[in-house]
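For reference, data23.pdb (PDB, C-alpha atoms and all ligand atoms):
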```pdb
ATOM      1  CA  MET A   1     111.926 -96.530  37.750  1.00  0.00           C
ATOM      2  CA  LYS A   2     113.699 -99.864  37.395  1.00  0.00           C
ATOM      3  CA  LYS A   3     117.290 -99.928  38.649  1.00  0.00           C
ATOM      4  CA  ALA A   4     119.815-101.176  36.113  1.00  0.00           C
ATOM      5  CA  GLY A   5     121.848-104.070  37.478  1.00  0.00           C
ATOM      6  CA  MET A   6     125.544-103.860  38.223  1.00  0.00           C
ATOM      7  CA  LEU A   7     126.457-106.281  35.425  1.00  0.00           C
ATOM      8  CA  THR A   8     124.330-104.392  32.894  1.00  0.00           C
ATOM      9  CA  SER A   9     125.956-101.149  33.950  1.00  0.00           C
ATOM     10  CA  ALA A  10     129.449-102.718  33.726  1.00  0.00           C
ATOM     11  CA  LEU A  11     128.647-104.133  30.258  1.00  0.00           C
ATOM     12  CA  LYS A  12     127.471-100.708  29.101  1.00  0.00           C
ATOM     13  CA  LEU A  13     130.714 -99.152  30.484  1.00  0.00           C
ATOM     14  CA  GLU A  14     128.803 -96.633  32.592  1.00  0.00           C
ATOM     15  CA  CYS A  15     129.736 -94.731  35.744  1.00  0.00           C
ATOM     16  CA  PRO A  16     129.192 -97.168  38.673  1.00  0.00           C
ATOM     17  CA  LYS A  17     127.775 -94.474  40.950  1.00  0.00           C
ATOM     18  CA  CYS A  18     125.137 -92.719  38.846  1.00  0.00           C
ATOM     19  CA  ARG A  19     124.971 -95.085  35.812  1.00  0.00           C
ATOM     20  CA  LYS A  20     124.190 -92.077  33.646  1.00  0.00           C
ATOM     21  CA  ALA A  21     127.535 -91.185  32.047  1.00  0.00           C
ATOM     22  CA  ASP A  22     130.187 -93.204  30.215  1.00  0.00           C
ATOM     23  CA  LEU A  23     133.568 -94.240  31.658  1.00  0.00           C
ATOM     24  CA  PHE A  24     135.352 -93.594  28.347  1.00  0.00           C
ATOM     25  CA  TYR A  25     135.508 -90.495  26.172  1.00  0.00           C
ATOM     26  CA  PHE A  26     134.884 -92.085  22.797  1.00  0.00           C
ATOM     27  CA  PRO A  27     132.709 -94.921  21.437  1.00  0.00           C
ATOM     28  CA  ILE A  28     134.595 -98.213  21.054  1.00  0.00           C
ATOM     29  CA  LEU A  29     134.627 -98.142  17.246  1.00  0.00           C
ATOM     30  CA  LYS A  30     136.300 -94.768  17.246  1.00  0.00           C
ATOM     31  CA  PHE A  31     139.925 -95.874  17.550  1.00  0.00           C
ATOM     32  CA  LYS A  32     141.018 -92.420  18.622  1.00  0.00           C
ATOM     33  CA  LYS A  33     142.112 -92.531  22.262  1.00  0.00           C
ATOM     34  CA  MET A  34     140.945 -96.122  22.657  1.00  0.00           C
ATOM     35  CA  TYR A  35     142.405 -96.488  26.157  1.00  0.00           C
ATOM     36  CA  THR A  36     141.649 -93.039  27.515  1.00  0.00           C
ATOM     37  CA  MET A  37     139.198 -92.991  30.401  1.00  0.00           C
ATOM     38  CA  LYS A  38     137.590 -89.927  31.875  1.00  0.00           C
ATOM     39  CA  SER A  39     139.200 -88.968  35.206  1.00  0.00           C
ATOM     40  CA  THR A  40     135.836 -88.051  36.748  1.00  0.00           C
ATOM     41  CA  CYS A  41     132.204 -88.690  35.882  1.00  0.00           C
ATOM     42  CA  SER A  42     130.713 -85.923  33.743  1.00  0.00           C
ATOM     43  CA  TYR A  43     127.335 -86.346  35.495  1.00  0.00           C
ATOM     44  CA  CYS A  44     127.979 -86.979  39.206  1.00  0.00           C
ATOM     45  CA  GLY A  45     131.670 -86.110  39.538  1.00  0.00           C
ATOM     46  CA  GLN A  46     132.714 -89.573  40.809  1.00  0.00           C
ATOM     47  CA  ASN A  47     136.510 -89.981  40.645  1.00  0.00           C
ATOM     48  CA  PHE A  48     137.405 -92.845  38.291  1.00  0.00           C
ATOM     49  CA  ASN A  49     141.039 -93.074  39.478  1.00  0.00           C
ATOM     50  CA  LEU A  50     140.512 -94.143  43.072  1.00  0.00           C
ATOM     51  CA  GLU A  51     144.261 -94.447  43.760  1.00  0.00           C
ATOM     52  CA  PRO A  52     147.507 -94.537  41.749  1.00  0.00           C
ATOM     53  CA  GLY A  53     147.732 -97.777  39.775  1.00  0.00           C
ATOM     54  CA  PHE A  54     144.082 -98.561  40.511  1.00  0.00           C
ATOM     55  CA  TYR A  55     143.516-100.377  37.209  1.00  0.00           C
ATOM     56  CA  TYR A  56     146.351-102.905  37.596  1.00  0.00           C
ATOM     57  CA  GLY A  57     143.766-105.191  39.162  1.00  0.00           C
ATOM     58  CA  ALA A  58     141.692-104.977  35.988  1.00  0.00           C
ATOM     59  CA  MET A  59     144.470-106.900  34.199  1.00  0.00           C
ATOM     60  CA  PHE A  60     143.515-110.007  36.170  1.00  0.00           C
ATOM     61  CA  ILE A  61     139.877-109.594  35.155  1.00  0.00           C
ATOM     62  CA  SER A  62     140.995-109.146  31.543  1.00  0.00           C
ATOM     63  CA  TYR A  63     143.153-112.292  31.776  1.00  0.00           C
ATOM     64  CA  ILE A  64     140.269-114.367  33.169  1.00  0.00           C
ATOM     65  CA  ILE A  65     137.764-113.117  30.556  1.00  0.00           C
ATOM     66  CA  SER A  66     140.204-113.620  27.660  1.00  0.00           C
ATOM     67  CA  SER A  67     141.107-117.124  28.839  1.00  0.00           C
ATOM     68  CA  PHE A  68     137.498-118.240  29.122  1.00  0.00           C
ATOM     69  CA  PHE A  69     136.629-116.609  25.819  1.00  0.00           C
ATOM     70  CA  MET A  70     139.490-118.412  24.064  1.00  0.00           C
ATOM     71  CA  LEU A  71     138.808-121.757  25.705  1.00  0.00           C
ATOM     72  CA  ILE A  72     135.079-121.750  24.964  1.00  0.00           C
ATOM     73  CA  SER A  73     135.418-120.431  21.407  1.00  0.00           C
ATOM     74  CA  PHE A  74     138.188-122.966  20.712  1.00  0.00           C
ATOM     75  CA  PHE A  75     136.005-125.949  21.579  1.00  0.00           C
ATOM     76  CA  VAL A  76     132.879-124.541  19.938  1.00  0.00           C
ATOM     77  CA  ILE A  77     134.713-123.863  16.650  1.00  0.00           C
ATOM     78  CA  LYS A  78     136.712-127.111  16.803  1.00  0.00           C
ATOM     79  CA  PHE A  79     133.675-129.345  17.219  1.00  0.00           C
ATOM     80  CA  ALA A  80     131.082-127.336  15.288  1.00  0.00           C
ATOM     81  CA  PHE A  81     133.209-126.992  12.150  1.00  0.00           C
ATOM     82  CA  GLN A  82     135.476-130.062  12.533  1.00  0.00           C
ATOM     83  CA  LEU A  83     138.625-128.014  11.834  1.00  0.00           C
ATOM     84  CA  SER A  84     142.228-128.935  12.618  1.00  0.00           C
ATOM     85  CA  THR A  85     143.696-127.745  15.929  1.00  0.00           C
ATOM     86  CA  TRP A  86     146.010-125.175  14.293  1.00  0.00           C
ATOM     87  CA  ARG A  87     143.311-123.768  12.020  1.00  0.00           C
ATOM     88  CA  THR A  88     140.966-123.477  15.020  1.00  0.00           C
ATOM     89  CA  PHE A  89     143.712-121.789  17.041  1.00  0.00           C
ATOM     90  CA  GLY A  90     144.232-119.231  14.255  1.00  0.00           C
ATOM     91  CA  ILE A  91     140.527-118.408  14.126  1.00  0.00           C
ATOM     92  CA  VAL A  92     140.403-118.042  17.933  1.00  0.00           C
ATOM     93  CA  LEU A  93     143.364-115.612  17.863  1.00  0.00           C
ATOM     94  CA  LEU A  94     141.568-113.586  15.201  1.00  0.00           C
ATOM     95  CA  LEU A  95     138.384-113.492  17.311  1.00  0.00           C
ATOM     96  CA  VAL A  96     140.337-112.388  20.402  1.00  0.00           C
ATOM     97  CA  ALA A  97     141.976-109.611  18.377  1.00  0.00           C
ATOM     98  CA  LEU A  98     138.484-108.432  17.322  1.00  0.00           C
ATOM     99  CA  VAL A  99     137.093-108.306  20.882  1.00  0.00           C
ATOM    100  CA  TYR A 100     140.323-107.176  22.572  1.00  0.00           C
ATOM    101  CA  PHE A 101     139.310-103.524  22.952  1.00  0.00           C
ATOM    102  CA  TYR A 102     135.945-104.383  24.443  1.00  0.00           C
ATOM    103  CA  ILE A 103     137.556-106.848  26.906  1.00  0.00           C
ATOM    104  CA  PHE A 104     140.044-104.145  27.917  1.00  0.00           C
ATOM    105  CA  ARG A 105     137.277-101.641  28.609  1.00  0.00           C
ATOM    106  CA  PHE A 106     134.905-104.157  30.189  1.00  0.00           C
ATOM    107  CA  SER A 107     137.638-105.331  32.610  1.00  0.00           C
ATOM    108  CA  ARG A 108     138.214-101.787  33.794  1.00  0.00           C
ATOM    109  CA  SER A 109     134.471-101.259  34.070  1.00  0.00           C
ATOM    110  CA  ILE A 110     134.019-104.407  36.200  1.00  0.00           C
ATOM    111  CA  TRP A 111     136.979-103.426  38.369  1.00  0.00           C
ATOM    112  CA  ILE A 112     135.578 -99.990  39.244  1.00  0.00           C
ATOM    113  CA  HIS A 113     132.091-101.467  39.746  1.00  0.00           C
ATOM    114  CA  PHE A 114     133.584-103.665  42.511  1.00  0.00           C
ATOM    115  CA  PHE A 115     134.736-100.623  44.472  1.00  0.00           C
ATOM    116  CA  VAL A 116     132.114 -97.941  43.829  1.00  0.00           C
ATOM    117  CA  ASP A 117     128.516 -98.542  44.926  1.00  0.00           C
ATOM    118  CA  TYR A 118     125.450 -97.445  43.016  1.00  0.00           C
ATOM    119  CA  ASP A 119     123.788 -94.345  44.428  1.00  0.00           C
ATOM    120  CA  GLU A 120     120.343 -93.781  42.959  1.00  0.00           C
ATOM    121  CA  ASN A 121     120.277 -90.286  44.468  1.00  0.00           C
ATOM    122  CA  ALA A 122     123.541 -89.208  42.799  1.00  0.00           C
ATOM    123  CA  LYS A 123     123.217 -85.531  41.939  1.00  0.00           C
ATOM    124  CA  ASN A 124     124.172 -83.894  38.689  1.00  0.00           C
ATOM    125  CA  ILE A 125     127.158 -81.643  39.451  1.00  0.00           C
ATOM    126  CA  GLN A 126     126.498 -79.229  36.602  1.00  0.00           C
TER     127      GLN A 126
HETATM  128 ZN    ZN A 201     128.485 -90.728  37.574  1.00  0.00          ZN
END
```

Give the structure from the file, written as structure tokens.
Amino acid sequence: MKKAGMLTSALKLECPKCRKADLFYFPILKFKKMYTMKSTCSYCGQNFNLEPGFYYGAMFISYIISSFFMLISFFVIKFAFQLSTWRTFGIVLLLVALVYFYIFRFSRSIWIHFFVDYDENAKNIQ
């Protein structure tokens, strides 16, 4: 069986250890409990809160992703559609607002993928 890559697993917001269960309770378009993560993996039991304040580091990842997203989309929109700087800026802010929740979740997913290694023999705890 082909192993899913770390980036693919992070993009899919899966458990970094078993890559079989989700990090979050609800799908992203269900706005209920948007920020609530599971405390442990429902498949392998991996703890998702490695230490108190573990996800503060994810804010830096979120900052980097948001910055690049804004910068790239600004120049693409500005030069593809020949809009004014302020109009382009408004559209970019709207785009960032649309992808904000995914960036939030993806940053946390990347952060935990840095610290927890994939274990292809992870056992189901149930
Ligand atoms: Zn797991």

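Of the residues listed (A:Arg105, A:Lys32, A:His113, A:Lys78), A:His113 shows the shortest atom-to-atom separation from Arg19 (chain A); distances use only C-alpha atoms.
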
Margin query: Which residues are close to Phe74 (chain A), i.e. within 9 Å by all atoms listed in the file, leaving aside same-chain residues fewer than 4 positions away? Reply as number ranges by chain.
Written below: A: 69-70, 78-79, 85, 88-89, 91-92

Can you spell out as a tab-separated table (two decimals) with C-alpha atoms, in the coordinates of the input the set of residues that the PyMOL selection byres (((chain A and resi 4-9) around 10) and not hetatm) selects in the structure I just provided?
```tsv
chain	number	residue	atom	x	y	z
A	1	MET	CA	111.93	-96.53	37.75
A	2	LYS	CA	113.70	-99.86	37.40
A	3	LYS	CA	117.29	-99.93	38.65
A	10	ALA	CA	129.45	-102.72	33.73
A	11	LEU	CA	128.65	-104.13	30.26
A	12	LYS	CA	127.47	-100.71	29.10
A	13	LEU	CA	130.71	-99.15	30.48
A	14	GLU	CA	128.80	-96.63	32.59
A	15	CYS	CA	129.74	-94.73	35.74
A	16	PRO	CA	129.19	-97.17	38.67
A	17	LYS	CA	127.78	-94.47	40.95
A	18	CYS	CA	125.14	-92.72	38.85
A	19	ARG	CA	124.97	-95.08	35.81
A	20	LYS	CA	124.19	-92.08	33.65
A	22	ASP	CA	130.19	-93.20	30.22
A	109	SER	CA	134.47	-101.26	34.07
A	110	ILE	CA	134.02	-104.41	36.20
A	113	HIS	CA	132.09	-101.47	39.75
A	114	PHE	CA	133.58	-103.66	42.51
A	117	ASP	CA	128.52	-98.54	44.93
A	118	TYR	CA	125.45	-97.44	43.02
```

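Of the listed residues (A:Leu50, A:Leu83, A:Ile103, A:Ile65), A:Ile103 comes nearest to Tyr35 (chain A); the distances count only C-alpha atoms.
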
Determine the axis-aligned bounding box of all atoms of region 111-124 of chain A present in the file, pad each side by 8 Å, and express its centre and edge lengths in Å to one decimal place as JSON.
```
{"center_x": 128.6, "center_y": -93.8, "center_z": 41.6, "size_x": 32.7, "size_y": 35.8, "size_z": 22.6}
```

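Using all atoms listed in the file, the shortest contact distance between Ala97 (chain A) and any of A:Phe115, A:Ser66, A:Ala58, A:Phe24 is found at A:Ser66.
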
Item checked: Å distance separating CA of Leu94 (chain A) from CA of Leu29 (chain A), one decimal place -> 17.1 Å

Item checked: Explicit residues for the PyMOL selection byres (((chain A and resi 43) around 7) and not hetatm) (as a PyMOL selection string) -> chain A and resi 20-21+41-42+44-45+124-125

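Take CA of Phe48 (chain A) and CA of Ile64 (chain A): the distance between them is 22.3 Å.
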
Note to self: Applying 12 Å and only C-alpha atoms, which residues near Glu51 (chain A) remain after dropping the ones on its own chain fewer than 3 positions away? List them as a PyMOL selection string.
What the structure shows: chain A and resi 39+47-48+54-57+112+115
